[in-house]
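Participant: Take a look at this one; I'll ask things after.
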Amino acid sequence: MVSLREIGLKIGDLSAGLPIIQGGMGIGVSLSGLASAVADQGGIGVISVAGIGLFEPDSLINYLEANIRAIRKEIRKARGLTKGILGVNIMVALSNFGDMAKTAIEEGIDIIFSGAGLPLNLPAFLKKSTSTKLVPIVSSARAASLIAKRWLEKYQYVPDAFVVEGPMAGGHLGFKSDQITDPAYELEKLVSEVIDVAKMIEQKTAKPVPVIAAGGIYTGEDIYKFIQLGASGVQMATRFVTTEECDASLEFKNTYINCRKEDIGIIKSPVGMPGRAIINEFINDVNAGGKKPYKCPYHCIVTCNHESSPYCIALALTNAKRGKMKHGFAFAGANAYRAEKIVSVKELVDFLVEEYDRVAGI
């Protein structure tokens with residue numbers, strides 16, 4: 001057996017020292033601070049572009065330009081902090097999806113991770129001279145097959161990897177409410193099925209397509225389990241929230257540390273998808289029929305029923321990121337209640353390596 005630090009993760013011509021991708025967390029939870037710290041430890045750091053411009057002073061009157069400016073700023077800032085591998089997470093459901101993809105590619109980002117819908121046209125934004133890798137985030141083998149087929153037929157492009165996100169993830173989930181606890185949709189099963197798709201693509205194109213497991217992965221033992229299952233790496237988001245370098249406020253991080261298992265539940269989001277969050281006063285008020293008056297700053301999510309929604313999810317998540325928990329809430333994975341203290345990214349990575357190596361018998 002080899003140590004977690006010796007396994008690495010290859011995505012195209014990119015080689016990460018650790019097979020760990022830090023999941024993208026909007027709005028403003030994973031920006032240049034967290035992404036650069038993870039990349040510096042040999043993992044792949046990811047900036048979430050969802051609502052990234054909401055922290056710009058003119059965001060309410062100039063939403064599109066504020067987002068483009070903010071993504072450039074965060075990528076450049078992260079580049080100044082690390083020589084490691086950096087990615088961005090761009091949700092397909094964003095109404096400014098195309099602008100975000102073009103801007104990230106112009107800035108020379110290493111990888112675009114894209115889910116919350118099928119990124120069927122993502123390769124259209126690439127230029128021949130660019131080296132940006134494209135990695136769809138999927139919740140089924142069917143979605144992986146569909147994307148690969150479209151990309152090959154229309155763009156002669158093979159996905160550089162797949163992230164398979166299961167129903168234990170935080171935030172918006174690509175599952176129906178009744179599927180979240182159905183054993184047929186367990187991550188282990190989904191990963192195995194997508195690995196089979198990836199092998200077929202490799203046989204057809206002679207290009208390796210690594211598969212990364214995501215959603216509810218929390219310990220070194222979890223990482224070991226999915227590596228043994230055939231995954232090339234894992235994506236972890238929730239675990240990185242309670243780090244010093246995470247871009248969210250201390251109040252946001254303490255919401256994780258202070259929550260109990262029973263505080264984490266599934267909510268009905270204004271964007272039309274179920275989401276996993278830490279239930280608080282704000283969510284209870286909404287569930288009781290309360291309205292949270294707001295002005296929609298911009299129809300940022302294509303599927304959002306912004307005209308009849310009781311609250312603006314973008315503003316609620318912005319408030320939470322800033323620590324105003326009475327006016328928002330925190331998305332979180334199923335294992336968020338296990339957080340005990342705030343540590344540095346280096347301490348966390350060292351601990352994960354130690355856990356993995358112990359289980360591996362090293």
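Chain labels run A, B, ... following the order of the structure tokens; each chain numbers its residues from 1, and ligands are numbered from 1 in the order shown.
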Just list the residues in segment 91-236 of chain A DSSP gives strand (DSSP E) on the backbone, as a PyMOL selection string.
Facilitator: chain A and resi 111-114+133-138+162-165+171-172+211-214+233-236
Participant: Might you pull out every residue within 10 Å of Ile180 of chain A, with only C-alpha atoms counted and same-chain residues fewer than 5 positions away left off, and present them as a tab-separated table (two decimals) with N, CA and C atoms, in the first residue's frame?
Facilitator:
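Result file follows (part-v1.tsv):
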```
chain	number	residue	atom	x	y	z
A	166	GLY	N	-22.97	12.41	-4.75
A	166	GLY	CA	-24.07	11.64	-4.20
A	166	GLY	C	-25.01	12.48	-3.35
A	167	PRO	N	-26.07	11.85	-2.80
A	167	PRO	CA	-27.12	12.59	-2.10
A	167	PRO	C	-26.78	13.05	-0.69
A	168	MET	N	-25.58	12.74	-0.19
A	168	MET	CA	-25.19	13.19	1.15
A	168	MET	C	-24.46	14.53	1.12
A	169	ALA	N	-24.35	15.12	-0.06
A	169	ALA	CA	-23.65	16.40	-0.21
A	169	ALA	C	-24.43	17.54	0.44
A	173	LEU	N	-29.00	19.59	-4.38
A	173	LEU	CA	-28.77	18.19	-4.72
A	173	LEU	C	-29.44	17.84	-6.04
A	174	GLY	N	-28.75	17.01	-6.83
A	174	GLY	CA	-29.29	16.59	-8.11
A	174	GLY	C	-30.17	15.36	-8.00
A	175	PHE	N	-30.97	15.31	-6.95
A	175	PHE	CA	-31.84	14.16	-6.70
A	175	PHE	C	-33.23	14.64	-6.30
A	185	TYR	N	-29.45	4.95	-4.62
A	185	TYR	CA	-28.69	6.14	-5.02
A	185	TYR	C	-27.50	6.40	-4.10
A	186	GLU	N	-27.05	5.38	-3.40
A	186	GLU	CA	-25.87	5.52	-2.54
A	186	GLU	C	-24.65	5.86	-3.40
A	266	ILE	N	-33.25	18.60	4.97
A	266	ILE	CA	-33.48	18.92	3.56
A	266	ILE	C	-34.50	20.04	3.47
A	274	PRO	N	-34.14	20.24	-4.11
A	274	PRO	CA	-33.93	20.06	-2.67
A	274	PRO	C	-32.51	20.45	-2.31
```
Participant: What is the atom CA of Gln41 of chain A-atom CA of Ala248 of chain A distance in Å, reported with one decimal?
Facilitator: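 Value for the atom CA of Gln41 of chain A-atom CA of Ala248 of chain A distance: 19.8 Å.
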Participant: Might you pull out every residue within 8 Å of Gly275 of chain A, with only C-alpha atoms counted and same-chain residues fewer than 4 positions away left off, and present them as a PyMOL selection string?
Facilitator: chain A and resi 170-173+266-269+331
Participant: To one decimal place, how far is atom CA of Ser192 of chain A from atom CA of Leu229 of chain A in Å?
Facilitator: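 So the answer is 7.2 Å.
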Participant: Based on DSSP run over this structure's backbone, return all residues of segment 87-310 of chain A in helix (DSSP H, G or I), as a PyMOL selection string.
Facilitator: chain A and resi 97-106+122-125+141-155+177-179+183-185+187-205+220-229+238-241+250-258+261-263+281-287
Participant: Write the residues of the preceding selection, restricted to C-alpha atoms, as an mmCIF file, in the first residue's frame.
Facilitator:
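The resulting part.cif:
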```cif
data_model
loop_
_atom_site.group_PDB
_atom_site.id
_atom_site.type_symbol
_atom_site.label_atom_id
_atom_site.label_comp_id
_atom_site.auth_asym_id
_atom_site.auth_seq_id
_atom_site.Cartn_x
_atom_site.Cartn_y
_atom_site.Cartn_z
ATOM 1 C CA PHE A 97 -23.046 30.673 -16.973
ATOM 2 C CA GLY A 98 -21.522 31.589 -20.344
ATOM 3 C CA ASP A 99 -19.921 34.804 -19.082
ATOM 4 C CA MET A 100 -18.426 32.984 -16.091
ATOM 5 C CA ALA A 101 -16.996 30.165 -18.239
ATOM 6 C CA LYS A 102 -15.489 32.564 -20.789
ATOM 7 C CA THR A 103 -13.931 34.738 -18.083
ATOM 8 C CA ALA A 104 -12.426 31.794 -16.178
ATOM 9 C CA ILE A 105 -10.884 30.461 -19.404
ATOM 10 C CA GLU A 106 -9.527 33.918 -20.288
ATOM 11 C CA LEU A 122 -19.200 23.856 -22.014
ATOM 12 C CA PRO A 123 -16.521 22.968 -24.631
ATOM 13 C CA ALA A 124 -17.934 25.703 -26.895
ATOM 14 C CA PHE A 125 -16.218 28.291 -24.687
ATOM 15 C CA ALA A 141 -24.044 7.227 -15.059
ATOM 16 C CA ARG A 142 -26.785 8.281 -17.490
ATOM 17 C CA ALA A 143 -25.803 11.947 -17.124
ATOM 18 C CA ALA A 144 -22.118 11.093 -17.612
ATOM 19 C CA SER A 145 -22.908 9.121 -20.801
ATOM 20 C CA LEU A 146 -25.115 11.882 -22.169
ATOM 21 C CA ILE A 147 -22.505 14.595 -21.628
ATOM 22 C CA ALA A 148 -19.678 12.498 -23.096
ATOM 23 C CA LYS A 149 -21.767 11.623 -26.163
ATOM 24 C CA ARG A 150 -22.699 15.270 -26.809
ATOM 25 C CA TRP A 151 -19.161 16.562 -26.270
ATOM 26 C CA LEU A 152 -17.663 13.951 -28.597
ATOM 27 C CA GLU A 153 -20.234 14.413 -31.360
ATOM 28 C CA LYS A 154 -20.451 18.201 -31.325
ATOM 29 C CA TYR A 155 -17.020 19.318 -30.099
ATOM 30 C CA SER A 177 -36.514 14.198 -2.343
ATOM 31 C CA ASP A 178 -37.415 10.502 -2.184
ATOM 32 C CA GLN A 179 -34.103 9.483 -3.771
ATOM 33 C CA PRO A 183 -30.091 2.867 -1.137
ATOM 34 C CA ALA A 184 -30.305 2.693 -4.949
ATOM 35 C CA TYR A 185 -28.693 6.143 -5.021
ATOM 36 C CA LEU A 187 -22.591 7.112 -3.595
ATOM 37 C CA GLU A 188 -20.743 3.778 -3.746
ATOM 38 C CA LYS A 189 -23.214 2.500 -6.364
ATOM 39 C CA LEU A 190 -23.178 5.743 -8.376
ATOM 40 C CA VAL A 191 -19.362 5.865 -8.438
ATOM 41 C CA SER A 192 -19.093 2.255 -9.658
ATOM 42 C CA GLU A 193 -21.594 2.939 -12.437
ATOM 43 C CA VAL A 194 -19.797 6.097 -13.611
ATOM 44 C CA ILE A 195 -16.446 4.252 -13.522
ATOM 45 C CA ASP A 196 -17.947 1.773 -16.005
ATOM 46 C CA VAL A 197 -18.931 4.688 -18.274
ATOM 47 C CA ALA A 198 -15.441 6.201 -17.954
ATOM 48 C CA LYS A 199 -13.852 2.879 -18.949
ATOM 49 C CA MET A 200 -16.030 2.699 -22.072
ATOM 50 C CA ILE A 201 -15.024 6.261 -23.003
ATOM 51 C CA GLU A 202 -11.366 5.374 -22.499
ATOM 52 C CA GLN A 203 -11.689 2.285 -24.715
ATOM 53 C CA LYS A 204 -13.290 4.401 -27.421
ATOM 54 C CA THR A 205 -10.985 7.432 -27.255
ATOM 55 C CA GLY A 220 -9.365 9.495 5.671
ATOM 56 C CA GLU A 221 -11.216 6.195 5.975
ATOM 57 C CA ASP A 222 -13.866 7.485 3.544
ATOM 58 C CA ILE A 223 -11.128 8.457 1.082
ATOM 59 C CA TYR A 224 -9.569 4.991 1.388
ATOM 60 C CA LYS A 225 -12.931 3.306 0.719
ATOM 61 C CA PHE A 226 -13.512 5.177 -2.540
ATOM 62 C CA ILE A 227 -9.935 4.800 -3.770
ATOM 63 C CA GLN A 228 -10.306 1.040 -3.201
ATOM 64 C CA LEU A 229 -13.596 1.144 -5.092
ATOM 65 C CA THR A 238 -18.042 20.468 4.180
ATOM 66 C CA ARG A 239 -14.807 19.342 5.840
ATOM 67 C CA PHE A 240 -12.997 22.463 4.635
ATOM 68 C CA VAL A 241 -15.557 24.945 6.018
ATOM 69 C CA LEU A 250 -16.420 32.885 11.981
ATOM 70 C CA GLU A 251 -20.155 32.862 12.758
ATOM 71 C CA PHE A 252 -20.782 30.731 9.671
ATOM 72 C CA LYS A 253 -18.070 28.243 10.693
ATOM 73 C CA ASN A 254 -19.394 28.094 14.258
ATOM 74 C CA THR A 255 -22.812 27.136 12.872
ATOM 75 C CA TYR A 256 -21.171 23.876 11.772
ATOM 76 C CA ILE A 257 -19.329 23.372 15.057
ATOM 77 C CA ASN A 258 -22.433 24.016 17.181
ATOM 78 C CA LYS A 261 -26.989 15.732 13.612
ATOM 79 C CA GLU A 262 -30.725 16.387 13.915
ATOM 80 C CA ASP A 263 -30.209 20.059 12.965
ATOM 81 C CA GLU A 281 -34.616 30.287 12.807
ATOM 82 C CA PHE A 282 -34.610 31.698 9.272
ATOM 83 C CA ILE A 283 -35.586 28.362 7.697
ATOM 84 C CA ASN A 284 -38.172 27.652 10.409
ATOM 85 C CA ASP A 285 -39.793 31.037 9.728
ATOM 86 C CA VAL A 286 -39.985 30.275 5.992
ATOM 87 C CA ASN A 287 -41.391 26.790 6.661
#
```
Participant: My list of candidates is A:Gly53, A:Pro159, A:Gly108, A:Gly215. Which is closest to Ser139 of chain A when distances are computed with only C-alpha atoms?
Facilitator: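 Among the listed residues, A:Gly215 lies closest to Ser139 of chain A.
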Participant: Considering only C-alpha atoms, tabulate each residue of segment 122-216 of chain A that lies at most 12 Å from segment 83-87 of chain A along with its nearest interatomic pair and the corresponding distance in Å to one decimal; arrange the rows by chain and ascending residue number and present them as CSV.
Facilitator:
```
residue,atom,partner,partner_atom,distance
A:Thr132,CA,A:Gly87,CA,9.1
A:Lys133,CA,A:Gly87,CA,8.9
A:Leu134,CA,A:Gly87,CA,9.7
A:Val135,CA,A:Gly87,CA,9.8
```
Participant: Which is closer to Ile20 of chain A than all the others in A:Ser232, A:Asn335, A:Ser36, A:Thr318, using only C-alpha atoms?
Facilitator: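 Of A:Ser232, A:Asn335, A:Ser36, A:Thr318, the one nearest Ile20 of chain A, counting only C-alpha atoms, is A:Ser232.
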Participant: In Å, with one decimal, what is the gap from atom CA of Phe162 of chain A to atom CA of Arg5 of chain A?
Facilitator: 21.4 Å
Participant: Just checking: using only C-alpha atoms, which residue out of A:Gly290, A:Gly28, A:Pro310, A:Gly42 ends up closest to Ala330 of chain A?
Facilitator: A:Gly28
Participant: Kindly indicate which residue among A:Leu64, A:Ala206, A:Ala214, A:Met325 lies nearest to Ile137 of chain A, using only C-alpha atoms for the distances.
Facilitator: A:Ala214
Participant: Taking only C-alpha atoms into account, name the residue in A:Val271, A:Leu348, A:Ile264, A:Ile279 that is nearest to Ala336 of chain A.
Facilitator: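 Nearest to Ala336 of chain A: A:Ile264.
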Participant: Using only C-alpha atoms for the distances, tell me which of A:Ala231, A:Val359, A:Met91, A:Ile68 is nearest to Val209 of chain A.
Facilitator: A:Ala231
